[in-house]
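Structure data follow from run_35.txt (compact mmCIF, C-alpha atoms):
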```txt
# COMPACT_ATOMS: atom_id res chain seq x y z
CA MET C 253 42.53 111.97 -67.96
CA ALA C 254 41.35 110.03 -64.95
CA GLU C 255 42.81 106.91 -66.42
CA LEU C 256 46.23 108.53 -66.68
CA ASP C 257 46.05 109.67 -63.06
CA ASP C 258 45.07 106.20 -61.99
CA ILE C 259 48.02 104.69 -63.81
CA LEU C 260 50.40 107.12 -62.14
CA LYS C 261 48.87 106.36 -58.76
CA GLU C 262 49.24 102.68 -59.37
CA MET C 263 52.84 103.19 -60.43
CA SER C 264 53.60 105.11 -57.25
CA ARG C 265 53.00 101.94 -55.29
CA GLU C 266 55.50 100.02 -57.39
CA VAL C 267 58.42 102.41 -57.26
CA THR C 268 60.69 102.13 -54.25
CA GLY C 269 61.24 105.49 -52.57
CA TYR C 270 58.65 107.13 -54.77
CA VAL C 271 58.34 110.93 -54.50
CA ALA C 272 56.48 112.16 -57.56
CA SER C 273 55.65 111.38 -61.17
CA ALA C 274 54.17 113.20 -64.12
CA LEU C 275 53.19 112.68 -67.72
CA VAL C 276 54.47 115.75 -69.52
CA GLY C 277 54.19 117.14 -73.02
CA MET C 278 57.25 118.51 -74.76
CA ASP C 279 55.89 121.99 -74.20
CA GLY C 280 56.61 121.49 -70.50
CA PHE C 281 52.99 121.26 -69.30
CA ASN C 282 51.80 118.34 -67.25
CA ILE C 283 49.10 116.10 -68.68
CA ALA C 284 48.84 114.14 -65.50
CA SER C 285 50.81 114.14 -62.29
CA HIS C 286 50.99 112.50 -58.91
CA THR C 287 53.04 113.26 -55.84
CA SER C 288 53.50 111.86 -52.38
CA ASP C 289 55.33 114.95 -51.21
CA ARG C 290 53.07 117.92 -50.71
CA SER C 291 55.98 120.33 -50.82
CA ALA C 292 56.92 119.32 -54.35
CA ASP C 293 55.62 121.49 -57.18
CA PRO C 294 55.07 119.21 -60.20
CA GLU C 295 54.57 122.10 -62.61
CA THR C 296 57.90 123.71 -61.80
CA ILE C 297 59.72 120.42 -61.83
CA SER C 298 58.25 119.45 -65.19
CA ALA C 299 59.09 122.79 -66.78
CA GLN C 300 62.70 122.52 -65.71
CA LEU C 301 63.06 118.87 -66.65
CA THR C 302 61.57 119.40 -70.09
CA MET C 303 64.33 121.81 -71.00
CA LEU C 304 66.91 119.37 -69.74
CA LEU C 305 65.45 116.45 -71.67
CA LYS C 306 65.26 118.46 -74.87
CA LEU C 307 68.89 119.45 -74.54
CA VAL C 308 69.97 115.88 -73.91
CA ASP C 309 67.94 114.71 -76.88
CA VAL C 310 69.53 117.24 -79.20
CA SER C 311 72.99 116.39 -77.90
CA VAL C 312 72.52 112.68 -78.45
CA GLU C 313 71.11 113.26 -81.90
CA LYS C 314 74.00 115.51 -82.91
CA LEU C 315 76.55 113.06 -81.58
CA GLY C 316 74.97 110.24 -83.52
CA VAL C 317 75.03 107.77 -80.68
CA GLY C 318 71.58 106.36 -81.25
CA VAL C 319 68.05 107.20 -80.22
CA ILE C 320 67.52 108.34 -76.67
CA GLU C 321 65.41 106.11 -74.46
CA ASP C 322 65.67 107.70 -71.05
CA ASN C 323 67.67 110.12 -68.96
CA LEU C 324 68.43 109.68 -65.28
CA THR C 325 69.74 112.55 -63.19
CA THR C 326 71.11 111.75 -59.77
CA THR C 327 71.09 114.60 -57.28
CA GLU C 328 71.96 114.90 -53.66
CA ASN C 329 68.38 114.13 -52.63
CA ALA C 330 66.71 112.32 -55.49
CA PHE C 331 66.79 110.19 -58.58
CA ILE C 332 64.95 111.80 -61.49
CA LEU C 333 64.13 109.55 -64.41
CA MET C 334 62.64 110.77 -67.67
CA ARG C 335 61.51 108.40 -70.39
CA PHE C 336 60.17 109.30 -73.81
CA LEU C 337 56.93 107.81 -75.06
CA SER C 338 54.72 108.19 -78.14
CA GLU C 339 57.54 109.12 -80.51
CA LYS C 340 58.92 111.84 -78.26
CA GLN C 341 55.70 113.80 -78.02
CA TYR C 342 55.48 113.15 -74.29
CA TYR C 343 57.66 111.84 -71.53
CA LEU C 344 57.15 110.21 -68.18
CA SER C 345 59.14 111.57 -65.26
CA ILE C 346 59.55 109.85 -61.95
CA ALA C 347 61.33 111.18 -58.89
CA ALA C 348 62.45 108.88 -56.10
CA ASN C 349 64.23 109.42 -52.84
CA ARG C 350 67.97 109.16 -53.17
CA LYS C 351 68.43 107.11 -50.02
CA THR C 352 65.49 104.77 -50.25
CA GLY C 353 65.12 104.64 -54.00
CA ASN C 354 66.35 101.88 -56.24
CA LEU C 355 67.69 102.68 -59.68
CA GLY C 356 67.01 99.31 -61.26
CA ASN C 357 63.48 99.28 -59.92
CA MET C 358 62.85 102.76 -61.27
CA ARG C 359 64.04 101.93 -64.75
CA LEU C 360 62.07 98.71 -64.90
CA ILE C 361 58.82 100.17 -63.64
CA SER C 362 59.12 103.22 -65.81
CA ARG C 363 59.54 101.03 -68.89
CA ILE C 364 56.44 99.01 -68.07
CA TYR C 365 54.22 101.94 -67.24
CA ALA C 366 55.42 104.05 -70.14
CA GLU C 367 53.80 101.59 -72.50
CA ARG C 368 50.55 101.66 -70.57
CA LEU C 369 50.52 105.42 -70.48
CA ALA C 370 51.26 105.68 -74.18
CA LYS C 371 48.25 103.55 -74.96
CA ALA C 372 46.07 105.50 -72.57
CA ILE C 373 46.89 108.93 -73.93
CA PRO C 374 43.89 110.27 -75.85
CA LYS C 375 44.59 110.71 -79.53
CA MET G 162 141.43 111.76 -135.96
CA ALA G 163 138.14 110.29 -136.91
CA HIS G 164 137.52 109.48 -133.24
CA GLY G 165 137.71 113.04 -132.18
CA LYS G 166 135.21 114.20 -134.74
CA ILE G 167 132.62 111.59 -133.97
CA PHE G 168 132.64 111.20 -130.19
CA GLY G 169 133.68 114.53 -128.88
CA PRO G 170 133.84 118.18 -129.56
CA PRO G 171 136.76 119.62 -131.37
CA PRO G 172 139.85 119.94 -129.25
CA LYS G 173 140.39 123.10 -127.38
CA PRO G 174 143.27 125.19 -128.42
CA LYS G 175 144.72 125.45 -124.93
CA VAL G 176 145.49 121.79 -124.80
CA PRO G 177 148.60 121.21 -126.68
CA VAL G 178 148.03 118.60 -129.28
CA PRO G 179 151.20 116.82 -129.89
CA ALA G 180 152.55 117.28 -133.27
CA ALA G 181 153.89 114.62 -135.47
CA LYS G 182 157.21 115.17 -133.86
CA ALA G 183 156.64 114.83 -130.16
CA GLU G 184 158.44 116.89 -127.62
CA PRO G 185 159.68 115.52 -124.28
CA ALA G 186 157.11 113.98 -121.94
CA PRO G 187 156.71 116.75 -119.31
CA GLU G 188 155.64 119.18 -121.94
CA ILE G 189 153.03 116.88 -123.49
CA VAL G 190 151.13 116.20 -120.26
CA PRO G 191 150.73 119.46 -118.36
CA GLU G 192 149.16 117.93 -115.27
CA THR G 193 149.69 114.58 -113.73
CA THR G 194 145.92 114.28 -113.44
CA PHE G 195 145.63 113.38 -117.03
CA GLY G 196 147.28 110.10 -117.47
CA PRO G 197 147.62 108.50 -120.75
CA GLU G 198 144.82 105.96 -120.12
CA PRO G 199 142.66 107.26 -117.25
CA ALA G 200 140.16 104.75 -116.06
CA VAL G 201 137.13 107.01 -115.96
CA GLU G 202 134.28 105.45 -114.09
CA PRO G 203 131.25 107.33 -112.80
CA GLY G 204 131.89 106.71 -109.14
CA THR G 205 135.61 107.20 -109.15
CA LEU G 206 135.94 110.51 -110.88
CA PRO G 207 136.35 112.60 -107.74
CA VAL G 208 139.29 110.50 -106.70
CA ARG G 209 142.24 110.85 -108.80
CA GLU G 210 144.71 108.14 -109.11
CA SER G 211 147.49 110.55 -108.58
CA GLU G 212 146.12 111.31 -105.12
CA HIS G 213 145.74 107.66 -104.21
CA ALA G 214 149.09 106.58 -105.28
CA PRO G 215 151.97 107.56 -103.08
CA GLU G 216 154.16 107.86 -106.12
CA PRO G 217 152.83 108.83 -109.48
CA ALA G 218 153.11 106.22 -112.12
CA PRO G 219 155.91 106.79 -114.49
CA ILE G 220 154.89 108.60 -117.53
CA PRO G 221 155.36 106.43 -120.51
CA THR G 222 157.39 107.66 -123.35
CA PRO G 223 155.00 109.27 -125.74
CA ASP G 224 154.50 107.59 -128.99
CA PRO G 225 153.44 110.31 -131.36
CA GLU G 226 151.38 108.06 -133.57
CA ARG G 227 149.66 106.36 -130.71
CA VAL G 228 148.80 109.62 -129.06
CA MET G 229 147.35 110.93 -132.19
CA ASP G 230 145.14 107.90 -132.68
CA THR G 231 143.76 107.27 -129.23
CA ALA G 232 144.36 110.15 -126.92
CA PRO G 233 140.97 111.52 -125.76
CA LEU G 234 142.53 114.27 -123.75
CA PRO G 235 140.33 117.10 -124.93
CA VAL G 236 137.17 115.12 -124.33
CA LEU G 237 138.27 113.99 -120.90
CA GLU G 238 139.20 117.44 -119.82
CA GLU G 239 135.88 118.83 -120.84
CA TYR G 240 134.09 116.03 -119.04
CA LEU G 241 136.00 116.66 -115.85
CA GLU G 242 135.24 120.33 -116.01
CA SER G 243 131.53 119.71 -116.49
CA VAL G 244 131.18 117.35 -113.55
CA PRO G 245 130.79 119.15 -110.22
CA VAL G 246 133.43 117.57 -108.12
CA VAL G 247 133.49 118.66 -104.53
CA ALA G 248 136.69 116.94 -103.79
CA GLN G 249 138.49 119.10 -106.22
CA GLU G 250 137.90 122.19 -104.15
CA VAL G 251 139.49 120.91 -101.00
CA ALA G 252 141.93 118.20 -101.57
CA PRO G 253 141.41 115.50 -98.95
CA SER G 254 144.16 113.55 -97.47
CA VAL G 255 144.64 109.99 -98.49
CA ALA G 256 143.18 108.68 -95.29
CA ASP G 257 140.01 110.68 -95.77
CA ILE G 258 139.33 109.60 -99.28
CA PRO G 259 136.45 107.11 -99.32
CA ALA G 260 136.69 103.94 -101.20
CA PRO G 261 135.16 103.87 -104.64
CA ILE G 262 131.47 103.28 -104.52
CA SER G 263 131.24 99.75 -105.62
CA ALA G 264 128.84 98.58 -102.90
CA PRO G 265 126.16 100.21 -100.76
CA PRO G 266 127.49 102.10 -97.80
CA PRO G 267 127.61 100.16 -94.58
CA ILE G 268 124.45 100.34 -92.53
CA PRO G 269 124.96 101.98 -89.17
CA ASN G 270 124.65 99.86 -86.11
CA VAL G 271 121.54 101.74 -85.05
CA GLU G 272 119.65 100.53 -88.05
CA MET G 273 120.97 97.05 -87.66
CA ALA G 274 119.45 96.78 -84.21
CA PRO G 275 116.21 94.78 -84.14
CA ALA G 276 113.09 96.89 -84.31
CA PRO G 277 111.07 96.97 -81.11
CA SER G 278 108.04 94.77 -81.27
CA PRO G 279 104.81 96.76 -81.07
CA SER G 280 102.91 96.15 -77.92
CA PRO G 281 99.21 95.36 -78.22
CA ALA G 282 98.33 98.18 -75.86
CA ALA G 283 99.99 100.72 -78.10
CA GLU G 284 97.71 99.74 -80.94
CA VAL G 285 94.53 100.16 -78.95
CA VAL G 286 95.23 103.32 -77.02
CA PRO G 287 94.97 106.60 -78.92
CA ALA G 288 98.30 108.24 -79.50
CA ARG G 289 97.55 111.42 -77.64
CA VAL G 290 96.99 109.55 -74.41
CA GLU G 291 100.36 107.91 -74.68
CA GLN G 292 102.07 111.15 -75.43
CA SER G 293 100.81 112.82 -72.30
CA PRO G 294 102.64 111.51 -69.28
CA THR G 295 100.55 113.27 -66.72
CA ARG G 296 99.22 111.54 -63.69
CA LEU G 297 95.66 112.26 -64.75
CA ASN G 298 96.15 110.45 -68.00
CA ALA G 299 97.64 107.53 -66.14
CA VAL G 300 94.52 107.30 -63.99
CA ILE G 301 92.29 107.54 -67.04
CA GLN G 302 94.36 104.92 -68.78
CA GLN G 303 93.93 102.62 -65.83
CA PHE G 304 90.21 103.23 -65.92
CA ARG G 305 90.11 102.30 -69.59
CA MET G 306 91.64 98.95 -68.85
CA GLU G 307 88.69 98.08 -66.63
CA PHE G 308 86.27 97.98 -69.56
CA GLY G 309 88.17 97.04 -72.65
CA ALA G 310 86.11 97.03 -75.82
CA ASP G 311 82.92 98.24 -74.15
CA LEU G 312 84.40 101.66 -73.53
CA ILE G 313 83.77 104.14 -76.33
CA SER G 314 85.04 107.32 -74.79
CA THR G 315 86.08 108.88 -71.52
CA GLU G 316 86.87 112.52 -70.96
CA VAL G 317 87.59 114.78 -68.02
CA VAL G 318 86.03 118.07 -68.97
CA GLY G 319 86.06 121.53 -67.50
CA MET G 320 82.79 123.41 -67.26
CA ASP G 321 83.95 125.47 -70.21
CA GLY G 322 83.40 122.34 -72.27
CA ILE G 323 87.08 121.74 -72.95
CA SER G 324 88.45 118.30 -72.26
CA ILE G 325 91.64 118.13 -70.24
CA ALA G 326 92.24 114.39 -70.43
CA GLY G 327 90.95 111.26 -72.03
CA GLY G 328 89.78 110.55 -75.52
CA SER G 329 87.70 108.36 -77.74
CA ASP G 330 88.53 104.79 -78.65
CA ASP G 331 86.03 104.92 -81.49
CA PRO G 332 87.09 107.08 -84.44
CA ALA G 333 83.45 107.62 -85.33
CA TYR G 334 82.71 109.15 -81.93
CA ASP G 335 83.80 112.76 -81.54
CA SER G 336 84.59 112.96 -77.86
CA THR G 337 85.49 116.63 -78.12
CA GLU G 338 82.01 117.46 -79.34
CA ALA G 339 80.50 115.21 -76.70
CA ALA G 340 82.51 117.00 -74.03
CA ALA G 341 81.22 120.37 -75.16
CA ARG G 342 77.61 119.30 -75.52
CA PHE G 343 77.39 117.51 -72.22
CA SER G 344 78.97 120.37 -70.37
CA THR G 345 75.84 122.37 -71.24
CA VAL G 346 73.70 119.42 -70.18
CA MET G 347 75.42 119.27 -66.83
CA LYS G 348 75.10 123.00 -66.33
CA LEU G 349 71.39 122.90 -67.05
CA ALA G 350 70.91 119.86 -64.85
CA ALA G 351 72.60 121.63 -61.98
CA LYS G 352 70.49 124.73 -62.55
CA ALA G 353 67.23 122.77 -62.76
CA SER G 354 67.99 120.71 -59.69
CA ASN G 355 68.84 123.80 -57.74
CA ARG G 356 65.57 125.47 -58.72
CA VAL G 357 63.36 122.57 -57.72
CA GLY G 358 65.25 121.96 -54.51
CA MET G 359 66.63 118.53 -55.34
CA GLY G 360 70.11 119.41 -54.14
CA ARG G 361 73.43 119.21 -55.87
CA VAL G 362 73.61 117.13 -59.06
CA GLU G 363 75.97 114.17 -58.87
CA ASP G 364 75.63 112.56 -62.26
CA ASN G 365 73.50 112.25 -65.35
CA LEU G 366 72.92 109.00 -67.18
CA THR G 367 71.56 109.04 -70.72
CA THR G 368 70.45 105.76 -72.24
CA THR G 369 70.19 105.40 -76.00
CA ASP G 370 69.53 102.32 -78.07
CA LYS G 371 73.29 101.97 -78.61
CA THR G 372 75.10 103.53 -75.69
CA TYR G 373 75.12 104.63 -72.09
CA ILE G 374 76.47 108.13 -71.55
CA ILE G 375 77.38 108.95 -67.98
CA ALA G 376 78.46 112.42 -66.97
CA ARG G 377 79.50 112.90 -63.38
CA PHE G 378 80.65 115.95 -61.49
CA ILE G 379 83.96 115.48 -59.73
CA GLY G 380 85.50 117.36 -56.85
CA ASP G 381 84.05 120.77 -56.27
CA GLY G 382 82.01 120.62 -59.47
CA SER G 383 84.42 122.57 -61.60
CA TYR G 384 84.94 119.52 -63.77
CA TYR G 385 82.85 116.64 -64.89
CA TRP G 386 83.88 113.20 -66.03
CA GLY G 387 82.10 111.79 -69.05
CA VAL G 388 82.10 108.12 -69.92
CA THR G 389 80.42 106.55 -72.93
CA VAL G 390 80.07 102.78 -73.12
CA THR G 391 78.19 100.42 -75.35
CA ARG G 392 74.92 98.84 -74.32
CA PHE G 393 76.85 95.61 -73.83
CA ALA G 394 78.60 97.11 -70.82
CA THR G 395 77.21 96.38 -67.40
CA LEU G 396 75.78 99.67 -66.28
CA GLY G 397 75.99 98.92 -62.58
CA SER G 398 79.61 97.98 -62.93
CA VAL G 399 80.39 101.17 -64.83
CA ARG G 400 78.84 103.29 -62.12
CA MET G 401 80.63 101.38 -59.43
CA VAL G 402 84.04 101.71 -61.07
CA MET G 403 83.39 105.40 -61.69
CA ASN G 404 82.68 105.78 -58.00
CA GLU G 405 86.00 104.16 -57.22
CA TYR G 406 87.96 106.34 -59.61
CA ALA G 407 86.20 109.65 -59.05
CA ALA G 408 88.36 110.69 -56.12
CA ARG G 409 91.55 109.61 -57.87
CA VAL G 410 90.63 111.55 -61.00
CA TRP G 411 89.93 114.64 -58.95
CA GLU G 412 93.22 114.37 -57.09
CA ALA G 413 95.13 113.89 -60.32
CA ILE G 414 93.82 117.06 -61.94
CA PRO G 415 96.69 119.56 -61.99
CA ARG G 416 96.03 122.77 -60.11
```
Show the structure stored in the file as C-alpha cells.
Amino acid sequence: MAELDDILKEMSREVTGYVASALVGMDGFNIASHTSDRSADPETISAQLTMLLKLVDVSVEKLGVGVIEDNLTTTENAFILMRFLSEKQYYLSIAANRKTGNLGNMRLISRIYAERLAKAIPK
Amino acid sequence: MAHGKIFGPPPKPKVPVPAAKAEPAPEIVPETTFGPEPAVEPGTLPVRESEHAPEPAPIPTPDPERVMDTAPLPVLEEYLESVPVVAQEVAPSVADIPAPISAPPPIPNVEMAPAPSPSPAAEVVPARVEQSPTRLNAVIQQFRMEFGADLISTEVVGMDGISIAGGSDDPAYDSTEAAARFSTVMKLAAKASNRVGMGRVEDNLTTTDKTYIIARFIGDGSYYWGVTVTRFATLGSVRMVMNEYAARVWEAIPR
C-alpha cells in the first residue's frame, strides 16, 4: 500500500488548492488516503461520499444517460471530485479548497492519477 | 298499369285513383304538393315547388288516359313519407329556404384566410413550455436559447422531486424521472457536506460518457435547477450561463 500512498502524496503536489485525497472501495473504507488538513477526517468523508457516489451511479444508470465517469460536488468551502476506477470497484476522491482550487486542474489531474492508481492496486 | 306493378307498391286506397271518367281537377289532386310531374331530385325534396313559387302553377286539365298511364302518385307519396324532411315540420319562409344543393356550400372567410406559417421555434420547443406563459418559463426558455442543440433537458425542481418548470428536448430523456432522482442526490449531497463540515452545497456535476448533468441549488435551497447537456457542450460555458441565470430563475419562481 505504500505505493498507493506515494501516488496520492505525489498527486497532492499537482492539485491546486489541495486539501485531501483518498482511494476508497465501494464499501466506504479507505484503501489509501492523504490529507494536508489535520482537521479533516478521511474516514468520515469517504463513508459519506461513497453513499453519494453510489446514488449518483444508480440514478445515471436508471436514466440511461451513459456510464458515469466522475462526480463533482461544489460546496461553500470545497470542491469534491470522485472518479471511478477499476470497473467501479474503487474510486478516487479529491477535495480542494473552494477559493484556491481550480476545477479544470482537478479533473485533469484526477484522470491522470486514476490510471496510475488503478494499475497500482494489488489484485 | 304495368308500371305500378313493377316499380312500386300497390296504390294505397286513400289516394283517389282517377277512374276512367275523370272528375274535376281539384278533386283529383288533393294537395298542391303533388303536381302532375314533380321533379324529384335527392337534394331538392325538402323544398317544394309550391313553396318556391309565388303563385302555384296552373293545374293542367286532367287527361284520364294519361293519368292512368304515367301518374306515379302513390309511389311518390310513399317516398315523401319515408324521407325524414325537417323542413316539413316548420315551414320556412321563402327567404330562408336554401338553394338546392348543386354545389358545395361556400367556405367561410375564416377558412379562406391563409394558414399561419409555423415558426421554427415552435417546432423545437416542447408544447408544454409554450402553453405555460409564466415568467419562470420565459426565463427557462431564454436559457434554452443559449445552448441550442447541446441542451438535452432543463428543469426547476422542488425538493419534493417535482418539476415546476422546464422540460426535455430529447424524447428519449425522461426529465421528470431525472428531476425526482437528482432531488435525492442533492439531498444526500447536502447532508454529507454538512456532516463533514464542507459547508452548504452549491451544485453537483455528474459526468458520463455521453452527458454532463448539473444540479444546482437556487435561492434558499428549496429548489434546485437541473441542466443536462451533451458532451459536446462547453462545460465552463454552461456553468457560467447557469451562474448568470440562477438569480433570475429564483426571482421568477412564483411564491
Using all atoms of range 297-312 of chain C that appear in the file, construct an axis-aligned enclosing box with 8 Å of padding on every side and provide its centre coordinates and edge lengths in Å, rounded to one decimal, as lines of an AutoDock Vina configuration file.
```
center_x = 65.6
center_y = 117.7
center_z = -70.5
size_x = 30.7
size_y = 26.1
size_z = 33.4
```
For Ala348 in chain C: contacts at 6 Å, all atoms listed in the file, fewer than 4 positions along chain excluded, given as a PyMOL selection string: chain C and resi 269-271+330-331+353
Quick one: everything within 9 Å of Gly358 in chain G, counting only C-alpha atoms, minus sequence neighbours fewer than 5 positions away in the same chain. Send it as a list in words.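 After dropping sequence-adjacent residues, the list is Ala292 and Asn329 of chain C; Ala353 of chain G.
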Do you have, as CSV, the list of residues of chain G lying at most 8 Å from chain C, each with its nearest atom pair and that distance in Å to one decimal, counting only C-alpha atoms and ordered by chain then number?
```
residue,atom,partner,partner_atom,distance
G:Tyr334,CA,C:Leu315,CA,7.3
G:Asp335,CA,C:Leu315,CA,7.3
G:Glu338,CA,C:Leu315,CA,7.4
G:Ala339,CA,C:Leu315,CA,6.6
G:Arg342,CA,C:Ser311,CA,6.0
G:Phe343,CA,C:Ser311,CA,7.3
G:Val346,CA,C:Val308,CA,6.4
G:Leu349,CA,C:Leu304,CA,6.3
G:Ala350,CA,C:Leu304,CA,6.3
G:Ala353,CA,C:Gln300,CA,5.4
G:Ser354,CA,C:Thr327,CA,7.3
G:Val357,CA,C:Ile297,CA,5.9
G:Met359,CA,C:Asn329,CA,5.5
G:Gly360,CA,C:Glu328,CA,4.9
G:Arg361,CA,C:Glu328,CA,5.1
G:Val362,CA,C:Thr327,CA,4.0
G:Glu363,CA,C:Thr327,CA,5.2
G:Asp364,CA,C:Thr326,CA,5.2
G:Asn365,CA,C:Thr325,CA,4.3
G:Leu366,CA,C:Leu324,CA,4.9
G:Thr367,CA,C:Asn323,CA,4.4
G:Thr368,CA,C:Asp322,CA,5.3
G:Thr369,CA,C:Ile320,CA,4.0
G:Asp370,CA,C:Val319,CA,5.5
G:Lys371,CA,C:Gly318,CA,5.4
G:Thr372,CA,C:Val317,CA,6.5
```
CA of Ser336 in chain G to CA of Gln303 in chain G: how many Å, to one decimal?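 If I compute the distance from CA of Ser336 in chain G to CA of Gln303 in chain G, I get 18.4 Å.
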What is the distance between CA of Ala408 in chain G and CA of Ile325 in chain G, in Å to one decimal? 16.3 Å
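Between CA of Asp321 in chain G and CA of Ile301 in chain G there is a distance of 20.0 Å.
Selection around (47.3, 104.4, -66.6) with radius 10 Å, counting all atoms listed in the file, yields the residues Met253, Ala254, Glu255, Leu256, Asp257, Asp258, Ile259, Leu260, Lys261, Glu262, Met263, Ala284, Tyr365, Ala366, Glu367, Arg368, Leu369, Ala370, Lys371, Ala372 and Ile373 of chain C.
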Would you list the contacts of Tyr343 in chain C as a list in words, taking every protein, DNA or RNA residue within 7 Å and counting only C-alpha atoms, but skipping same-chain residues closer than 4 positions in sequence? Leu275, Val276, Gly277, Met334, Arg335, Phe336 and Leu337 of chain C
So which residues are close to (60.1, 99.8, -57.5), meaning at most 6 Å away in the file's coordinates with all atoms listed in the file counted, and can you show them as JSON, numbers by chain? {"C": [266, 267, 268, 357, 358]}
Just the selected residues (C-alpha atoms), exported as a JSON list (two decimals), keeping the file's coordinate frame, please.
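Writing the result to out-v7.json gives the following:
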```json
[["chain", "number", "residue", "atom", "x", "y", "z"],
["C", 266, "GLU", "CA", 55.50, 100.02, -57.39],
["C", 267, "VAL", "CA", 58.42, 102.41, -57.26],
["C", 268, "THR", "CA", 60.69, 102.13, -54.25],
["C", 357, "ASN", "CA", 63.48, 99.28, -59.92],
["C", 358, "MET", "CA", 62.85, 102.76, -61.27]]
```
